[in-house]
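One structure below.
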Amino acid sequence: MASTVWPSKTAESVKLIIPEAYDPYNGDVLNKCFIRYNADKGCFLVVSEGDEKTLDIIDSRDIVGASVEVDIFGSVETNELRRLATAQSTDSSNGNSPNNRDDNEPGTDEVNDTQGAAILKIFAYPRVHPSEESIMSSCATSAPKRKPNTEYRTQSDKGKLRSRRAHHRQFQVAPSEDLSGLSTLIDAIRAICKPGYNPKDKLLVLVNPYSGTKKGTQIFNNTVAPMFVEAGIDYDYLMTTSANHAFERMKEQGEDSKIPDLSEYDGVVAVGGDGIIHEMFQGIRTRSDCDKILSKLKLGVVGSGTSNGLAKTLAHASNELDNAVDYAFLVAKGNSEKMDLSLYETSSSKYISFLTFSWSMIADIDIESEAIRFMGFLRMDIWGVLSVLRMRRYRARLSYLPPSDESNTIVTKCPSINEPIPCDEKWVSSESDFLLLWASQVTHAAEKTHNSPNCKLNDGVFEILVVRENISRLRMAMILLGLDSGDHANMPGVEFIRCSAYRLEPITPGSFNDLDGEVIEAGPVQAHVMPGAVNVFCTPIDK
Ligand SMILES: Nc1ncnc2c1ncn2[C@@H]1O[C@H](COP(=O)(O)OP(=O)(O)OP(=O)(O)O)[C@@H](O)[C@H]1O
């Protein structure tokens, strides 16, 4: 839990009028309460003045932001205290940021009793047990009465948890001449809830309206944009208008460009699938400042595509579920972590990869099933059955460099793909017939595919899942079925090769190379890990 010092005295001096929704003071608006912080539990308590009863508990891990608005004659005007507290700039150079404040909005520092009531808002997205549905929705004074939470809940047992849902709290601040305590309170709440958040950061959000079920725009408007405003995130957004738009947007913008260059942003958020992220990385790779951009950039993903492998991987690492609210929550919290990327090389091209490389059966399924793309993810199941019936074998030479103690910090040196693999004792090389070969840096290649359960975000290692010849169709079918849950990992016939670099040289003609779900040039391919090359928005639970 954050080590921020909670300003107990000041916080308790900020008196709030008890919301009508809170028992046992139903309707008695004369009573007041204040906010206390329990550092051991990481929770804020709403405590009544006088008898010090706990009226509500808000887990700091669920909070994405806090602000103050002014309710003038009963209508709340936007007037967020973050401007007072952080003096953050919301200057939006291309005019796309919805965070711009109209010039005629009063500044928070002008707030006093004669202008209206200050409303303290705390934006929380708890994950709740199905039986606790009743606490959902706002405790706003104007909203229907809801049962507040007066017991600590554990966040354990993910299986029983539902996705996050908005359960915001709002309190009218008791009239006072001095609002400096309120500013200190908001600052402290933010510092505890969002230790990784930098109010000066500016993000670029790329929305692919055509990804997956074409719900990207809806997800952005209904989930992402409101949550980012609550979280105080400053951002510009861009709806992609065609394939390759994301690629072009990531490239260096010329001096006379009307749009800001990527280097002017601190992070990029993709509302789309893995395809648009692949495009983004290839665009970044063309830049002369590629390494600098990658090390500075924070990448967020709100999966709204068909597969959403990266979004699912980040959610899985953070013990979140795979839906738009949980994905957006990870970005809104502002925590980030280093993630490995890799550099792939074919005979004529280079690619930055963030997900998986598949060859043989998985590549066949992914690429050949494009013919029935209209079926959504079901196409994979149908082609999976066909592939098991065919049991196509491909011969290849696989060479790899086992990980060293330094793999998670130092880039492994590889020969050029046109040069032979060094004949030293470090590289392991052999030729065999493969049914399946799938190199991964992530736990999930898709929302429903737990292909490499042991992968870590930043371990400097590829896990190559290999199934060689001589297993039965039934066994192969069971392996494919086990990919959903990760059960395949312990099945006979399944091998995992861990390495920091590898080269695959196909011998049987006709195989596909599938990188991050995109077809790339067929033939030999070589890759090495770029350890911790980029930061991703997530809150890993194993840290
Ligand atoms: N406005 C657009 N119109 C048509 N195609 C677009 C547009 N914007 C982006 N694209 C293309 O859509 C492709 C697929 O996008 P995306 O990855 O977001 O969704 P998906 O393929 O459904 O998901 P996944 O890659 O996770 O399976 C991208 O490779 C991109 O080139």
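By convention in this document, the chains of the structure tokens carry letters A, B, ... by their order, each chain's residues are numbered from 1, and ligands are numbered from 1 in the order they are shown.
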
Set out as a tab-separated table a contact list for chain A and ligand 1 with a cut-off of 6 Å, giving each residue of chain A that qualifies its closest atom pair and distance in Å to one decimal, counting only C-alpha atoms and all ligand atoms, ordered by chain and rising residue number.
residue	atom	partner	partner_atom_place_in_ligand_line	distance
A:Asn208	CA	ligand 1	8 (N)	4.6
A:Pro209	CA	ligand 1	1 (N)	5.8
A:Tyr210	CA	ligand 1	2 (C)	5.3
A:Ser211	CA	ligand 1	19 (O)	3.4
A:Gly212	CA	ligand 1	22 (O)	3.3
A:Thr240	CA	ligand 1	8 (N)	4.5
A:Thr241	CA	ligand 1	1 (N)	3.4
A:Ser242	CA	ligand 1	2 (C)	3.6
A:Ala243	CA	ligand 1	31 (O)	3.3
A:Asn244	CA	ligand 1	31 (O)	5.0
A:Gly272	CA	ligand 1	18 (O)	3.7
A:Gly273	CA	ligand 1	26 (O)	3.3
A:Asp274	CA	ligand 1	25 (O)	3.7
A:Gly275	CA	ligand 1	17 (O)	3.0
A:Ile276	CA	ligand 1	17 (O)	4.4
A:Gly305	CA	ligand 1	23 (O)	3.4
A:Thr306	CA	ligand 1	27 (O)	3.9
A:Ser307	CA	ligand 1	26 (O)	3.6
A:Asn308	CA	ligand 1	26 (O)	4.0

Keeping N, CA and C atoms for every residue in the selection just given, could you write it to a file as a short mmCIF file (atom, residue, chain, number, x, y, z; two decimals), in the first residue's frame?
data_model
loop_
_atom_site.label_atom_id
_atom_site.label_comp_id
_atom_site.auth_asym_id
_atom_site.auth_seq_id
_atom_site.Cartn_x
_atom_site.Cartn_y
_atom_site.Cartn_z
N ASN A 208 -10.01 2.25 -32.80
CA ASN A 208 -10.32 1.61 -34.09
C ASN A 208 -11.81 1.27 -34.12
N PRO A 209 -12.59 2.05 -34.86
CA PRO A 209 -14.04 1.81 -34.86
C PRO A 209 -14.41 0.49 -35.54
N TYR A 210 -13.45 -0.07 -36.28
CA TYR A 210 -13.75 -1.30 -37.03
C TYR A 210 -13.19 -2.57 -36.39
N SER A 211 -12.65 -2.46 -35.18
CA SER A 211 -12.09 -3.67 -34.58
C SER A 211 -13.22 -4.57 -34.07
N GLY A 212 -12.92 -5.86 -34.04
CA GLY A 212 -13.82 -6.84 -33.44
C GLY A 212 -15.26 -6.69 -33.88
N THR A 240 -9.29 5.96 -35.94
CA THR A 240 -8.60 5.57 -37.17
C THR A 240 -9.63 5.50 -38.30
N THR A 241 -9.22 5.92 -39.47
CA THR A 241 -10.17 5.97 -40.59
C THR A 241 -9.89 4.90 -41.64
N SER A 242 -8.76 4.23 -41.49
CA SER A 242 -8.43 3.17 -42.46
C SER A 242 -7.33 2.30 -41.89
N ALA A 243 -7.12 1.17 -42.54
CA ALA A 243 -5.96 0.34 -42.19
C ALA A 243 -4.71 1.20 -42.38
N ASN A 244 -3.73 1.00 -41.54
CA ASN A 244 -2.44 1.72 -41.59
C ASN A 244 -2.49 3.13 -41.01
N GLY A 272 -8.91 -1.06 -29.26
CA GLY A 272 -8.96 -1.90 -30.46
C GLY A 272 -8.41 -3.27 -30.13
N GLY A 273 -7.98 -3.98 -31.17
CA GLY A 273 -7.44 -5.32 -30.96
C GLY A 273 -5.93 -5.34 -31.11
N ASP A 274 -5.38 -6.53 -31.26
CA ASP A 274 -3.93 -6.67 -31.36
C ASP A 274 -3.40 -6.15 -32.70
N GLY A 275 -4.28 -6.15 -33.72
CA GLY A 275 -3.86 -5.70 -35.05
C GLY A 275 -3.43 -4.25 -35.03
N ILE A 276 -4.18 -3.43 -34.33
CA ILE A 276 -3.86 -2.00 -34.32
C ILE A 276 -2.59 -1.76 -33.49
N GLY A 305 -11.13 -5.73 -29.78
CA GLY A 305 -10.97 -6.45 -31.03
C GLY A 305 -11.51 -7.87 -30.91
N THR A 306 -11.04 -8.72 -31.78
CA THR A 306 -11.50 -10.10 -31.77
C THR A 306 -10.71 -10.93 -30.76
N SER A 307 -9.39 -10.75 -30.75
CA SER A 307 -8.55 -11.60 -29.89
C SER A 307 -8.17 -10.92 -28.58
N ASN A 308 -7.67 -9.71 -28.65
CA ASN A 308 -7.30 -8.92 -27.46
C ASN A 308 -6.27 -9.63 -26.59
#

*What's the 10 Å shell around Ile497 of chain A, counting only C-alpha atoms, without same-chain residues fewer than 2 positions away, as a list in words?*
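That gives Tyr400, Leu401, Pro402, Ala439, Val461, Phe462, Glu463, Ile464, Leu465, Val466, Glu495 and Cys499 of chain A.
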
*Would you work out the distance separating atom CA of Thr150 of chain A from atom CA of Ala231 of chain A, expressed in Å to one decimal?*
24.5 Å

*asked:* When you look at Phe123 of chain A with a cut-off of 12 Å (counting only C-alpha atoms), what residues show up, excluding the ones that are within fewer than 5 positions of it in the same chain? I need them as a ChimeraX atom specification.
replied: /A:58-68,137-140,165-171,186,189-190,193,226-232,329,332-333

Would you mind exporting C-alpha atoms of the selected residues as a PDB file, in the first residue's frame?
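Once written, selection-v8.pdb looks like this:
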ATOM      1  CA  ILE A  58     -14.090   2.690  -0.032  1.00  0.00           C
ATOM      2  CA  ASP A  59     -11.119   0.573  -1.043  1.00  0.00           C
ATOM      3  CA  SER A  60      -8.330   2.834  -2.308  1.00  0.00           C
ATOM      4  CA  ARG A  61      -7.432   0.175  -4.918  1.00  0.00           C
ATOM      5  CA  ASP A  62     -10.825   0.749  -6.533  1.00  0.00           C
ATOM      6  CA  ILE A  63     -10.556   4.519  -6.837  1.00  0.00           C
ATOM      7  CA  VAL A  64      -9.536   6.144 -10.136  1.00  0.00           C
ATOM      8  CA  GLY A  65      -9.936   9.766  -9.096  1.00  0.00           C
ATOM      9  CA  ALA A  66     -11.391  12.383  -6.801  1.00  0.00           C
ATOM     10  CA  SER A  67     -12.534  15.901  -7.519  1.00  0.00           C
ATOM     11  CA  VAL A  68     -14.622  18.774  -6.246  1.00  0.00           C
ATOM     12  CA  SER A 137     -24.596   2.656  -8.474  1.00  0.00           C
ATOM     13  CA  SER A 138     -23.931   5.991  -6.950  1.00  0.00           C
ATOM     14  CA  CYS A 139     -24.564   7.145  -3.411  1.00  0.00           C
ATOM     15  CA  ALA A 140     -25.306  10.548  -4.882  1.00  0.00           C
ATOM     16  CA  ARG A 165     -18.694  -1.440 -11.952  1.00  0.00           C
ATOM     17  CA  ALA A 166     -19.018   2.250 -11.122  1.00  0.00           C
ATOM     18  CA  HIS A 167     -19.906   2.909  -7.515  1.00  0.00           C
ATOM     19  CA  HIS A 168     -19.019   6.563  -7.080  1.00  0.00           C
ATOM     20  CA  ARG A 169     -19.581   8.512  -3.868  1.00  0.00           C
ATOM     21  CA  GLN A 170     -20.415  12.147  -3.551  1.00  0.00           C
ATOM     22  CA  PHE A 171     -20.648  14.333  -0.494  1.00  0.00           C
ATOM     23  CA  ILE A 186      -8.101  15.538  -2.347  1.00  0.00           C
ATOM     24  CA  ILE A 189      -6.690  10.679  -1.661  1.00  0.00           C
ATOM     25  CA  ARG A 190      -5.123  10.934  -5.124  1.00  0.00           C
ATOM     26  CA  CYS A 193      -5.037   5.772  -4.862  1.00  0.00           C
ATOM     27  CA  PRO A 226     -15.923   9.176 -18.867  1.00  0.00           C
ATOM     28  CA  MET A 227     -13.478   7.156 -16.756  1.00  0.00           C
ATOM     29  CA  PHE A 228     -10.484   9.114 -18.033  1.00  0.00           C
ATOM     30  CA  VAL A 229     -12.208  12.395 -17.119  1.00  0.00           C
ATOM     31  CA  GLU A 230     -12.947  11.042 -13.633  1.00  0.00           C
ATOM     32  CA  ALA A 231      -9.317   9.975 -13.360  1.00  0.00           C
ATOM     33  CA  GLY A 232      -8.074  13.429 -14.390  1.00  0.00           C
ATOM     34  CA  PHE A 329      -9.548   0.868 -15.147  1.00  0.00           C
ATOM     35  CA  ALA A 332      -7.091   5.098 -15.234  1.00  0.00           C
ATOM     36  CA  LYS A 333      -5.204   3.845 -12.167  1.00  0.00           C
TER      37      LYS A 333
END

*Pick from A:Leu341, A:Ile192, A:Leu55, A:Leu483: nearest to Cys43 of chain A, with only C-alpha atoms counted?*
A:Ile192

Using backbone DSSP assignments, extract all strand (DSSP E or B) residues from segment 307-346 of chain A; output them as a PDB file with N, CA and C atoms, in the first residue's frame.
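The new file out_37.pdb reads:
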ATOM      1  N   ASN A 308      -7.666  -9.709 -28.654  1.00  0.00           N
ATOM      2  CA  ASN A 308      -7.297  -8.916 -27.462  1.00  0.00           C
ATOM      3  C   ASN A 308      -6.268  -9.633 -26.585  1.00  0.00           C
ATOM      4  N   SER A 336       2.178   1.574 -13.928  1.00  0.00           N
ATOM      5  CA  SER A 336       2.756   0.967 -15.122  1.00  0.00           C
ATOM      6  C   SER A 336       3.908   0.052 -14.747  1.00  0.00           C
ATOM      7  N   GLU A 337       4.231  -0.810 -15.688  1.00  0.00           N
ATOM      8  CA  GLU A 337       5.226  -1.845 -15.444  1.00  0.00           C
ATOM      9  C   GLU A 337       5.983  -2.076 -16.749  1.00  0.00           C
ATOM     10  N   LYS A 338       7.244  -2.460 -16.645  1.00  0.00           N
ATOM     11  CA  LYS A 338       8.000  -2.732 -17.865  1.00  0.00           C
ATOM     12  C   LYS A 338       7.541  -4.046 -18.507  1.00  0.00           C
ATOM     13  N   MET A 339       7.529  -4.075 -19.812  1.00  0.00           N
ATOM     14  CA  MET A 339       7.166  -5.310 -20.513  1.00  0.00           C
ATOM     15  C   MET A 339       8.188  -5.581 -21.613  1.00  0.00           C
ATOM     16  N   ASP A 340       8.489  -6.856 -21.800  1.00  0.00           N
ATOM     17  CA  ASP A 340       9.408  -7.245 -22.877  1.00  0.00           C
ATOM     18  C   ASP A 340       8.731  -7.077 -24.229  1.00  0.00           C
ATOM     19  N   LEU A 341       9.526  -6.672 -25.197  1.00  0.00           N
ATOM     20  CA  LEU A 341       9.112  -6.771 -26.595  1.00  0.00           C
ATOM     21  C   LEU A 341      10.131  -7.683 -27.261  1.00  0.00           C
ATOM     22  N   SER A 342      10.032  -7.854 -28.562  1.00  0.00           N
ATOM     23  CA  SER A 342      11.079  -8.615 -29.245  1.00  0.00           C
ATOM     24  C   SER A 342      11.257  -8.064 -30.647  1.00  0.00           C
ATOM     25  N   LEU A 343      12.426  -8.338 -31.195  1.00  0.00           N
ATOM     26  CA  LEU A 343      12.690  -7.914 -32.570  1.00  0.00           C
ATOM     27  C   LEU A 343      12.750  -9.162 -33.440  1.00  0.00           C
ATOM     28  N   TYR A 344      11.892  -9.213 -34.430  1.00  0.00           N
ATOM     29  CA  TYR A 344      11.851 -10.341 -35.364  1.00  0.00           C
ATOM     30  C   TYR A 344      12.484  -9.921 -36.676  1.00  0.00           C
ATOM     31  N   GLU A 345      13.154 -10.861 -37.261  1.00  0.00           N
ATOM     32  CA  GLU A 345      13.830 -10.602 -38.533  1.00  0.00           C
ATOM     33  C   GLU A 345      13.465 -11.713 -39.514  1.00  0.00           C
TER      34      GLU A 345
END

*Going by DSSP on the backbone, which bits of segment 136-255 of chain A are alpha helix (DSSP H)? Write them as a VMD selection string, please.*
chain A and resid 180 to 193 216 to 219 225 to 230 245 to 250

*What is the distance between atom CA of Ala533 of chain A and atom CA of Gln441 of chain A, in Å to one decimal?*
12.4 Å

_Please compute the atom CA of Ala522 of chain A-atom CA of Arg373 of chain A distance, one decimal, in Å._
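Taking atom CA of Ala522 of chain A as the start and atom CA of Arg373 of chain A as the end point, the length is 21.7 Å.
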